[in-house]
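Peer 1: Here you go, this is query.cif (mmCIF, C-alpha atoms).
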data_input
loop_
_atom_site.group_PDB
_atom_site.id
_atom_site.type_symbol
_atom_site.label_atom_id
_atom_site.label_comp_id
_atom_site.auth_asym_id
_atom_site.auth_seq_id
_atom_site.Cartn_x
_atom_site.Cartn_y
_atom_site.Cartn_z
ATOM 1 C CA MET A 15 210.168 58.912 112.285
ATOM 2 C CA GLU A 16 210.304 56.473 115.180
ATOM 3 C CA ARG A 17 207.364 54.124 115.302
ATOM 4 C CA LYS A 18 206.534 51.426 117.796
ATOM 5 C CA ILE A 19 204.971 48.356 116.262
ATOM 6 C CA LEU A 20 203.524 45.730 118.556
ATOM 7 C CA VAL A 21 203.533 42.229 117.096
ATOM 8 C CA ALA A 22 201.593 39.594 119.011
ATOM 9 C CA ILE A 23 203.406 36.305 118.737
ATOM 10 C CA ASP A 24 202.515 32.796 119.760
ATOM 11 C CA GLU A 25 203.558 29.236 118.946
ATOM 12 C CA GLY A 26 201.503 29.125 115.742
ATOM 13 C CA GLU A 27 202.643 29.546 112.169
ATOM 14 C CA GLU A 28 200.106 32.309 111.605
ATOM 15 C CA SER A 29 201.938 34.635 113.948
ATOM 16 C CA THR A 30 205.312 33.757 112.410
ATOM 17 C CA TYR A 31 203.889 34.638 109.020
ATOM 18 C CA ALA A 32 202.418 37.890 110.373
ATOM 19 C CA LEU A 33 205.789 38.868 111.811
ATOM 20 C CA SER A 34 207.666 38.171 108.587
ATOM 21 C CA TRP A 35 205.046 39.999 106.530
ATOM 22 C CA CYS A 36 205.430 42.982 108.814
ATOM 23 C CA LEU A 37 209.231 42.868 108.581
ATOM 24 C CA LYS A 38 209.105 42.639 104.812
ATOM 25 C CA ASN A 39 206.386 45.201 104.165
ATOM 26 C CA PHE A 40 206.400 47.643 106.994
ATOM 27 C CA VAL A 41 209.802 48.016 108.567
ATOM 28 C CA SER A 42 212.575 49.250 106.332
ATOM 29 C CA GLU A 43 216.318 48.833 106.675
ATOM 30 C CA ASN A 44 217.924 51.512 108.863
ATOM 31 C CA SER A 45 214.579 52.750 110.114
ATOM 32 C CA LYS A 46 214.148 53.907 113.674
ATOM 33 C CA ASP A 47 211.149 51.640 114.191
ATOM 34 C CA ILE A 48 210.963 49.563 117.321
ATOM 35 C CA LEU A 49 209.351 46.157 117.078
ATOM 36 C CA VAL A 50 207.746 45.082 120.316
ATOM 37 C CA LEU A 51 207.298 41.311 120.358
ATOM 38 C CA LEU A 52 204.575 40.387 122.819
ATOM 39 C CA TYR A 53 203.940 36.837 123.948
ATOM 40 C CA VAL A 54 200.951 36.265 126.182
ATOM 41 C CA LYS A 55 201.044 33.229 128.445
ATOM 42 C CA PRO A 56 197.677 31.695 129.258
ATOM 43 C CA PRO A 57 196.657 32.098 132.892
ATOM 44 C CA HIS A 58 196.653 29.123 135.284
ATOM 45 C CA VAL A 59 194.006 26.585 134.444
ATOM 46 C CA VAL A 60 192.468 25.605 137.735
ATOM 47 C CA TYR A 61 188.981 24.735 136.591
ATOM 48 C CA SER A 62 187.914 21.935 134.351
ATOM 49 C CA ALA A 63 186.378 23.430 131.245
ATOM 50 C CA LEU A 64 184.010 20.559 130.604
ATOM 51 C CA ASP A 65 181.951 19.976 133.731
ATOM 52 C CA GLY A 66 182.470 23.248 135.553
ATOM 53 C CA THR A 67 183.668 21.458 138.682
ATOM 54 C CA GLY A 68 186.452 23.473 140.196
ATOM 55 C CA TYR A 69 189.539 21.616 141.237
ATOM 56 C CA LEU A 70 193.028 22.649 142.142
ATOM 57 C CA PHE A 71 196.134 21.039 140.775
ATOM 58 C CA SER A 72 198.757 20.022 143.288
ATOM 59 C CA GLN A 73 201.731 22.325 143.749
ATOM 60 C CA ASP A 74 203.923 19.837 141.890
ATOM 61 C CA ILE A 75 201.765 19.866 138.805
ATOM 62 C CA ILE A 76 201.461 23.640 138.864
ATOM 63 C CA ALA A 77 205.233 24.003 139.104
ATOM 64 C CA THR A 78 205.724 21.614 136.182
ATOM 65 C CA MET A 79 203.130 23.440 134.094
ATOM 66 C CA ASP A 80 204.705 26.791 134.926
ATOM 67 C CA LYS A 81 208.094 25.514 133.903
ATOM 68 C CA TYR A 82 206.687 24.211 130.646
ATOM 69 C CA ARG A 83 204.865 27.467 129.912
ATOM 70 C CA ASN A 84 208.007 29.474 130.586
ATOM 71 C CA GLU A 85 209.987 27.268 128.262
ATOM 72 C CA VAL A 86 207.405 27.675 125.517
ATOM 73 C CA ALA A 87 207.417 31.453 126.012
ATOM 74 C CA GLU A 88 211.201 31.558 125.825
ATOM 75 C CA THR A 89 211.313 29.412 122.676
ATOM 76 C CA VAL A 90 208.667 31.484 120.912
ATOM 77 C CA ILE A 91 210.391 34.751 121.818
ATOM 78 C CA GLU A 92 213.809 33.496 120.746
ATOM 79 C CA LYS A 93 212.447 32.198 117.443
ATOM 80 C CA ALA A 94 210.737 35.528 116.752
ATOM 81 C CA LYS A 95 213.862 37.530 117.644
ATOM 82 C CA LYS A 96 215.926 35.382 115.308
ATOM 83 C CA LEU A 97 213.411 35.942 112.511
ATOM 84 C CA CYS A 98 213.722 39.716 113.038
ATOM 85 C CA LYS A 99 217.510 39.703 113.003
ATOM 86 C CA ASP A 100 217.633 37.396 109.984
ATOM 87 C CA SER A 101 215.280 39.675 108.047
ATOM 88 C CA LEU A 102 216.648 43.070 109.036
ATOM 89 C CA GLN A 103 220.005 43.137 110.712
ATOM 90 C CA ASP A 104 219.645 46.468 112.462
ATOM 91 C CA VAL A 105 216.046 46.294 113.523
ATOM 92 C CA LYS A 106 215.366 47.330 117.113
ATOM 93 C CA VAL A 107 213.493 44.662 119.010
ATOM 94 C CA GLU A 108 211.928 44.703 122.457
ATOM 95 C CA THR A 109 210.310 41.632 123.942
ATOM 96 C CA ARG A 110 207.554 41.322 126.506
ATOM 97 C CA VAL A 111 205.940 38.326 128.129
ATOM 98 C CA GLU A 112 202.644 38.851 129.901
ATOM 99 C CA ILE A 113 200.057 36.572 131.477
ATOM 100 C CA GLY A 114 196.341 36.699 130.801
ATOM 101 C CA ASP A 115 193.705 36.604 128.128
ATOM 102 C CA PRO A 116 195.619 37.537 124.971
ATOM 103 C CA ARG A 117 192.699 39.604 123.678
ATOM 104 C CA ASP A 118 192.810 41.987 126.603
ATOM 105 C CA VAL A 119 196.540 41.901 127.183
ATOM 106 C CA ILE A 120 197.368 42.878 123.591
ATOM 107 C CA CYS A 121 195.040 45.888 123.705
ATOM 108 C CA ASP A 122 196.247 46.906 127.177
ATOM 109 C CA VAL A 123 199.929 46.736 126.320
ATOM 110 C CA ALA A 124 199.318 48.572 123.029
ATOM 111 C CA GLU A 125 197.605 51.398 124.857
ATOM 112 C CA LYS A 126 200.062 51.609 127.749
ATOM 113 C CA MET A 127 203.078 51.657 125.431
ATOM 114 C CA GLY A 128 201.373 54.041 123.015
ATOM 115 C CA VAL A 129 202.303 51.926 120.014
ATOM 116 C CA ASP A 130 201.578 53.108 116.481
ATOM 117 C CA MET A 131 200.235 49.814 115.186
ATOM 118 C CA VAL A 132 199.308 46.347 116.369
ATOM 119 C CA VAL A 133 200.043 43.327 114.163
ATOM 120 C CA VAL A 134 198.251 40.034 114.735
ATOM 121 C CA GLY A 135 197.954 36.844 112.740
ATOM 122 C CA SER A 136 194.403 36.122 111.790
ATOM 123 C CA HIS A 137 194.326 32.692 113.429
ATOM 124 C CA GLY A 138 196.438 33.378 116.473
ATOM 125 C CA TYR A 139 196.195 31.061 119.439
ATOM 126 C CA GLY A 140 195.235 27.806 117.772
ATOM 127 C CA LEU A 141 191.996 26.070 117.063
ATOM 128 C CA ILE A 142 191.162 24.881 120.552
ATOM 129 C CA LYS A 143 192.140 28.026 122.402
ATOM 130 C CA ARG A 144 190.278 30.080 119.823
ATOM 131 C CA ALA A 145 187.096 28.141 120.460
ATOM 132 C CA PHE A 146 187.290 29.209 124.106
ATOM 133 C CA LEU A 147 188.636 32.672 123.655
ATOM 134 C CA GLY A 148 186.959 33.840 120.483
ATOM 135 C CA SER A 149 188.945 35.537 117.787
ATOM 136 C CA VAL A 150 191.918 37.503 119.034
ATOM 137 C CA SER A 151 192.221 39.531 115.854
ATOM 138 C CA ASN A 152 188.542 40.487 115.928
ATOM 139 C CA HIS A 153 188.767 41.622 119.510
ATOM 140 C CA CYS A 154 191.896 43.676 118.860
ATOM 141 C CA ALA A 155 190.401 45.288 115.773
ATOM 142 C CA GLN A 156 187.387 46.356 117.756
ATOM 143 C CA ASN A 157 189.021 47.401 120.992
ATOM 144 C CA SER A 158 192.463 48.637 120.156
ATOM 145 C CA LYS A 159 192.796 52.393 119.959
ATOM 146 C CA CYS A 160 195.466 52.287 117.255
ATOM 147 C CA PRO A 161 195.509 50.804 113.750
ATOM 148 C CA VAL A 162 195.460 47.015 113.662
ATOM 149 C CA LEU A 163 196.985 44.948 110.888
ATOM 150 C CA ILE A 164 195.515 41.463 110.592
ATOM 151 C CA VAL A 165 197.735 39.184 108.557
ATOM 152 C CA LYS A 166 196.223 36.047 107.118
ATOM 153 C CA ARG A 167 198.607 33.357 105.999
ATOM 154 C CA PRO A 168 197.884 32.329 102.422
ATOM 155 C CA LYS A 169 196.847 28.694 102.193
ATOM 156 C CA ASN A 170 199.601 27.833 99.773
ATOM 157 C CA SER A 171 202.374 29.571 101.690
ATOM 158 C CA VAL A 172 205.236 27.588 103.113
ATOM 159 C CA ALA A 173 205.767 28.250 106.802
ATOM 160 C CA THR A 174 208.775 30.475 107.414
ATOM 161 C CA SER A 175 211.454 28.382 108.971
ATOM 162 C CA THR A 176 213.844 30.036 111.350
ATOM 163 C CA SER A 177 215.595 26.998 112.699
ATOM 164 C CA MET B 25 209.039 45.574 95.121
ATOM 165 C CA GLU B 26 205.761 46.604 93.554
ATOM 166 C CA ARG B 27 202.816 46.271 95.876
ATOM 167 C CA LYS B 28 199.149 46.890 95.270
ATOM 168 C CA ILE B 29 197.363 48.423 98.205
ATOM 169 C CA LEU B 30 193.585 48.653 98.112
ATOM 170 C CA VAL B 31 192.167 51.496 100.181
ATOM 171 C CA ALA B 32 188.408 51.505 100.661
ATOM 172 C CA ILE B 33 187.199 55.078 100.686
ATOM 173 C CA ASP B 34 183.860 56.639 101.440
ATOM 174 C CA GLU B 35 182.453 60.014 102.436
ATOM 175 C CA GLY B 36 183.419 59.613 106.098
ATOM 176 C CA GLU B 37 186.374 61.072 107.953
ATOM 177 C CA GLU B 38 187.421 57.623 109.128
ATOM 178 C CA SER B 39 188.345 56.592 105.623
ATOM 179 C CA THR B 40 190.176 59.871 104.960
ATOM 180 C CA TYR B 41 192.197 59.250 108.100
ATOM 181 C CA ALA B 42 192.868 55.639 107.070
ATOM 182 C CA LEU B 43 194.135 56.806 103.685
ATOM 183 C CA SER B 44 196.444 59.426 105.144
ATOM 184 C CA TRP B 45 197.759 56.993 107.763
ATOM 185 C CA CYS B 46 198.517 54.528 104.993
ATOM 186 C CA LEU B 47 200.248 57.201 102.903
ATOM 187 C CA LYS B 48 202.332 58.320 105.842
ATOM 188 C CA ASN B 49 203.228 54.921 107.254
ATOM 189 C CA PHE B 50 203.121 52.434 104.461
ATOM 190 C CA VAL B 51 203.922 53.993 101.129
ATOM 191 C CA SER B 52 207.332 55.579 100.763
ATOM 192 C CA GLU B 53 208.486 58.265 98.374
ATOM 193 C CA ASN B 54 209.631 56.864 95.024
ATOM 194 C CA SER B 55 208.228 53.438 95.758
ATOM 195 C CA LYS B 56 206.648 51.345 93.044
ATOM 196 C CA ASP B 57 203.515 50.807 95.102
ATOM 197 C CA ILE B 58 200.157 51.250 93.449
ATOM 198 C CA LEU B 59 197.339 52.628 95.560
ATOM 199 C CA VAL B 60 193.944 51.410 94.416
ATOM 200 C CA LEU B 61 191.230 53.730 95.712
ATOM 201 C CA LEU B 62 187.928 51.874 95.800
ATOM 202 C CA TYR B 63 184.624 53.604 96.334
ATOM 203 C CA VAL B 64 181.564 51.389 96.645
ATOM 204 C CA LYS B 65 178.221 52.925 95.765
ATOM 205 C CA PRO B 66 175.257 51.540 97.633
ATOM 206 C CA PRO B 67 172.859 49.565 95.427
ATOM 207 C CA HIS B 68 169.439 50.947 94.497
ATOM 208 C CA VAL B 69 167.125 51.115 97.458
ATOM 209 C CA VAL B 70 163.781 49.871 96.224
ATOM 210 C CA TYR B 71 162.394 48.510 99.445
ATOM 211 C CA SER B 72 161.437 50.378 102.542
ATOM 212 C CA ALA B 73 163.661 49.220 105.362
ATOM 213 C CA LEU B 74 161.086 49.843 108.052
ATOM 214 C CA ASP B 75 157.938 47.957 107.135
ATOM 215 C CA GLY B 76 159.268 45.538 104.550
ATOM 216 C CA THR B 77 156.682 46.655 101.994
ATOM 217 C CA GLY B 78 158.299 46.700 98.633
ATOM 218 C CA TYR B 79 157.789 49.766 96.518
ATOM 219 C CA LEU B 80 159.417 51.122 93.444
ATOM 220 C CA PHE B 81 160.518 54.683 93.034
ATOM 221 C CA SER B 82 159.458 56.416 89.875
ATOM 222 C CA GLN B 83 161.993 56.655 87.073
ATOM 223 C CA ASP B 84 162.426 60.343 87.815
ATOM 224 C CA ILE B 85 163.373 59.788 91.398
ATOM 225 C CA ILE B 86 165.722 56.943 90.503
ATOM 226 C CA ALA B 87 167.453 59.135 87.919
ATOM 227 C CA THR B 88 167.868 61.935 90.465
ATOM 228 C CA MET B 89 169.211 59.553 93.081
ATOM 229 C CA ASP B 90 171.613 58.028 90.568
ATOM 230 C CA LYS B 91 172.884 61.444 89.630
ATOM 231 C CA TYR B 92 173.386 62.330 93.281
ATOM 232 C CA ARG B 93 175.194 59.056 93.993
ATOM 233 C CA ASN B 94 177.476 59.560 91.026
ATOM 234 C CA GLU B 95 178.310 63.068 92.175
ATOM 235 C CA VAL B 96 179.115 61.830 95.662
ATOM 236 C CA ALA B 97 181.318 59.078 94.219
ATOM 237 C CA GLU B 98 183.171 61.558 92.045
ATOM 238 C CA THR B 99 183.709 64.013 94.905
ATOM 239 C CA VAL B 100 184.990 61.314 97.244
ATOM 240 C CA ILE B 101 187.353 59.926 94.604
ATOM 241 C CA GLU B 102 188.687 63.376 93.694
ATOM 242 C CA LYS B 103 189.224 64.275 97.335
ATOM 243 C CA ALA B 104 191.109 61.021 97.947
ATOM 244 C CA LYS B 105 193.266 61.444 94.843
ATOM 245 C CA LYS B 106 194.166 64.956 95.927
ATOM 246 C CA LEU B 107 195.134 63.689 99.370
ATOM 247 C CA CYS B 108 197.435 61.119 97.745
ATOM 248 C CA LYS B 109 199.126 63.660 95.488
ATOM 249 C CA ASP B 110 199.479 66.173 98.322
ATOM 250 C CA SER B 111 201.131 63.564 100.545
ATOM 251 C CA LEU B 112 203.374 61.844 98.024
ATOM 252 C CA GLN B 113 203.880 63.570 94.726
ATOM 253 C CA ASP B 114 204.880 60.518 92.699
ATOM 254 C CA VAL B 115 202.525 57.956 94.132
ATOM 255 C CA LYS B 116 200.745 55.781 91.578
ATOM 256 C CA VAL B 117 196.997 55.871 92.048
ATOM 257 C CA GLU B 118 194.244 53.849 90.417
ATOM 258 C CA THR B 119 190.597 54.491 91.141
ATOM 259 C CA ARG B 120 187.618 52.173 90.990
ATOM 260 C CA VAL B 121 183.936 52.736 91.588
ATOM 261 C CA GLU B 122 181.747 49.688 92.130
ATOM 262 C CA ILE B 123 178.170 49.118 93.159
ATOM 263 C CA GLY B 124 177.036 46.747 95.879
ATOM 264 C CA ASP B 125 177.437 45.814 99.499
ATOM 265 C CA PRO B 126 180.816 47.311 100.426
ATOM 266 C CA ARG B 127 181.667 44.307 102.575
ATOM 267 C CA ASP B 128 181.519 41.895 99.668
ATOM 268 C CA VAL B 129 182.750 44.279 96.993
ATOM 269 C CA ILE B 130 185.944 45.156 98.883
ATOM 270 C CA CYS B 131 186.842 41.481 99.386
ATOM 271 C CA ASP B 132 185.937 40.596 95.784
ATOM 272 C CA VAL B 133 187.957 43.408 94.232
ATOM 273 C CA ALA B 134 190.905 42.649 96.536
ATOM 274 C CA GLU B 135 190.917 39.030 95.451
ATOM 275 C CA LYS B 136 190.394 39.703 91.743
ATOM 276 C CA MET B 137 193.151 42.307 91.625
ATOM 277 C CA GLY B 138 195.447 40.205 93.794
ATOM 278 C CA VAL B 139 196.268 43.130 96.044
ATOM 279 C CA ASP B 140 198.868 42.816 98.800
ATOM 280 C CA MET B 141 196.889 44.578 101.485
ATOM 281 C CA VAL B 142 193.456 46.046 102.122
ATOM 282 C CA VAL B 143 193.132 49.245 104.165
ATOM 283 C CA VAL B 144 189.812 50.188 105.747
ATOM 284 C CA GLY B 145 188.772 52.750 108.295
ATOM 285 C CA SER B 146 187.321 51.157 111.371
ATOM 286 C CA HIS B 147 184.018 52.995 111.126
ATOM 287 C CA GLY B 148 183.565 53.092 107.393
ATOM 288 C CA TYR B 149 180.156 53.730 105.946
ATOM 289 C CA GLY B 150 178.574 55.812 108.663
ATOM 290 C CA LEU B 151 176.442 55.045 111.648
ATOM 291 C CA ILE B 152 173.174 54.364 109.888
ATOM 292 C CA LYS B 153 174.569 52.295 107.067
ATOM 293 C CA ARG B 154 176.648 50.348 109.564
ATOM 294 C CA ALA B 155 173.562 49.437 111.527
ATOM 295 C CA PHE B 156 172.148 47.822 108.404
ATOM 296 C CA LEU B 157 175.310 46.420 106.965
ATOM 297 C CA GLY B 158 177.253 45.355 110.010
ATOM 298 C CA SER B 159 180.887 46.265 110.369
ATOM 299 C CA VAL B 160 182.752 46.529 107.081
ATOM 300 C CA SER B 161 186.152 46.212 108.720
ATOM 301 C CA ASN B 162 185.124 43.083 110.610
ATOM 302 C CA HIS B 163 183.802 41.432 107.502
ATOM 303 C CA CYS B 164 186.938 42.274 105.514
ATOM 304 C CA ALA B 165 189.219 41.032 108.275
ATOM 305 C CA GLN B 166 187.398 37.727 108.329
ATOM 306 C CA ASN B 167 186.842 37.199 104.632
ATOM 307 C CA SER B 168 189.685 38.863 102.816
ATOM 308 C CA LYS B 169 192.435 36.504 101.733
ATOM 309 C CA CYS B 170 195.181 39.107 102.135
ATOM 310 C CA PRO B 171 196.331 41.165 105.130
ATOM 311 C CA VAL B 172 193.848 43.785 106.289
ATOM 312 C CA LEU B 173 194.828 47.006 108.006
ATOM 313 C CA ILE B 174 192.063 48.529 110.086
ATOM 314 C CA VAL B 175 192.767 52.150 110.900
ATOM 315 C CA LYS B 176 190.920 53.732 113.770
ATOM 316 C CA ARG B 177 190.842 57.485 113.923
ATOM 317 C CA PRO B 178 192.001 58.743 117.322
ATOM 318 C CA LYS B 179 189.283 60.652 119.115
ATOM 319 C CA ASN B 180 191.363 63.765 119.456
ATOM 320 C CA SER B 181 192.584 63.848 115.877
ATOM 321 C CA VAL B 182 191.688 66.698 113.611
ATOM 322 C CA ALA B 183 190.145 65.587 110.348
ATOM 323 C CA THR B 184 192.575 65.875 107.486
ATOM 324 C CA SER B 185 191.391 68.663 105.299
ATOM 325 C CA THR B 186 192.044 68.434 101.600
ATOM 326 C CA SER B 187 189.987 71.336 100.469
#
Translate the structure described by the file into structure tokens.

Peer 2:
Amino acid sequence: MERKILVAIDEGEESTYALSWCLKNFVSENSKDILVLLYVKPPHVVYSALDGTGYLFSQDIIATMDKYRNEVAETVIEKAKKLCKDSLQDVKVETRVEIGDPRDVICDVAEKMGVDMVVVGSHGYGLIKRAFLGSVSNHCAQNSKCPVLIVKRPKNSVATSTS
Amino acid sequence: MERKILVAIDEGEESTYALSWCLKNFVSENSKDILVLLYVKPPHVVYSALDGTGYLFSQDIIATMDKYRNEVAETVIEKAKKLCKDSLQDVKVETRVEIGDPRDVICDVAEKMGVDMVVVGSHGYGLIKRAFLGSVSNHCAQNSKCPVLIVKRPKNSVATSTS
């Protein structure tokens, strides 16, 4: 049985916990499962969120922000890949980085790749982003066409360190 | 590794699909996992939902309704147990029947039993009940303290028959 499991990852501890829970509880040693690690970069911010006045950043600033976002994406992906390999040596891992609203991107990628399950942390995307975006896990649960596993990090759990 | 997995079951096909998905994808042969099948009976309806006028049913009618509800509960539980045994011969199954709002009961039982995961169908509890109760899966995802797996039945899937 070869299953594709899409795990949405971000810079938060919730998603790290979700990934390790999935590795521990869902993927077994020597299985043919493929873990698809998806990181969604936020789109360019060109409008001020507070007063609605549109303004464009200069090319310099945009380039710097892009560089920073790419570095974050790379770090998150590398950290997640390491967690996979440390947990299950032979696990097959694919990585994808996309740009957009994580709520839509996760559902889109899940459908296009025909994955068997989507795994999301319950508090993905941080407090501030969540306030703007609404709950990612809620949106995925409602709109994804495949089963969705929402992993909540217990309050007393120690964050999984992969460094 | 002994895990407790709570599967919320009802008379709908969504929950039958969720249970079989869980059996196929989550519980392995010869595992020590315990499946807890939870059926939540609706509480007594003593108020008319349409005009808000409270009225009591006669004892006779209440007794008949109780009998009917108990029969439904028993049938659903038996059907689910059979599905478990047909899928995995040695799987450990516990059953529980509770009364109340399924949204709260599922989260309460999950917490009290300290289960490792809750499994719900995405459209549990039927169209009409859902209109009154709101989405069970949503509520569980937000309020349960453990991971929640929401299983959506694909549109083209054939209902699993256990008869």

Peer 1: Write out as a ChimeraX atom specification the residues lying within 12 Å of B:Lys103, counting only C-alpha atoms and excluding same-chain residues fewer than 2 positions away.

Peer 2: /B:33-37,39-40,43-44,61,63,96-101,105-110,119,184-187

Peer 1: What's the 8 Å shell around stretch 49-53 of chain B, counting all atoms listed in the file, without same-chain residues fewer than 5 positions away, as a PDB file with C-alpha atoms, in the frame of the given file?

Peer 2:
ATOM      1  CA  ASN A  39     206.386  45.201 104.165  1.00  0.00           C
ATOM      2  CA  PHE A  40     206.400  47.643 106.994  1.00  0.00           C
TER       3      PHE A  40
ATOM      4  CA  LEU B 112     203.374  61.844  98.024  1.00  0.00           C
ATOM      5  CA  GLN B 113     203.880  63.570  94.726  1.00  0.00           C
ATOM      6  CA  ASP B 114     204.880  60.518  92.699  1.00  0.00           C
ATOM      7  CA  VAL B 115     202.525  57.956  94.132  1.00  0.00           C
TER       8      VAL B 115
END

Peer 1: Give as a VMD selection string every residue of chain B that touches chain A within 6 Å, counting all atoms listed in the file.

Peer 2: chain B and resid 170 to 176

Peer 1: Between atom CA of A:Cys121 and atom CA of B:Lys48, what is the distance, to one decimal in Å?

Peer 2: 23.0 Å

Peer 1: Between atom CA of A:Gly114 and atom CA of A:Tyr31, what distance in Å does the model show, to one decimal?

Peer 2: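 Here the two named atoms are 23.1 Å from each other.
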
Peer 1: Given the PyMOL selection byres ((chain A and resi 120) around 9) and the file above, list the residues it selects as a list of chain:residue names.

Peer 2: A:Leu20, A:Val21, A:Ala22, A:Leu52, A:Tyr53, A:Val54, A:Asp115, A:Pro116, A:Arg117, A:Asp118, A:Val119, A:Cys121, A:Asp122, A:Val123, A:Ala124, A:Glu125, A:Val132, A:Val150, A:Cys154, A:Ser158

Peer 1: So how many Å separate atom CA of B:Ile58 and atom CA of A:Asp47, to one decimal?

Peer 2: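 Taking atom CA of B:Ile58 and atom CA of A:Asp47, their separation equals 23.5 Å.
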
Peer 1: Between A:Gln73, A:Met79, A:Val129, A:Lys106, which one has atoms that come closest to A:Asn44, using all atoms listed in the file?

Peer 2: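 Nearest candidate to A:Asn44 out of A:Gln73, A:Met79, A:Val129, A:Lys106: A:Lys106.
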
Peer 1: Which of these, B:Lys28, B:Arg93, B:Lys65, B:Lys136, has the shortest distance to B:Val117 once you count all atoms listed in the file?

Peer 2: B:Lys28
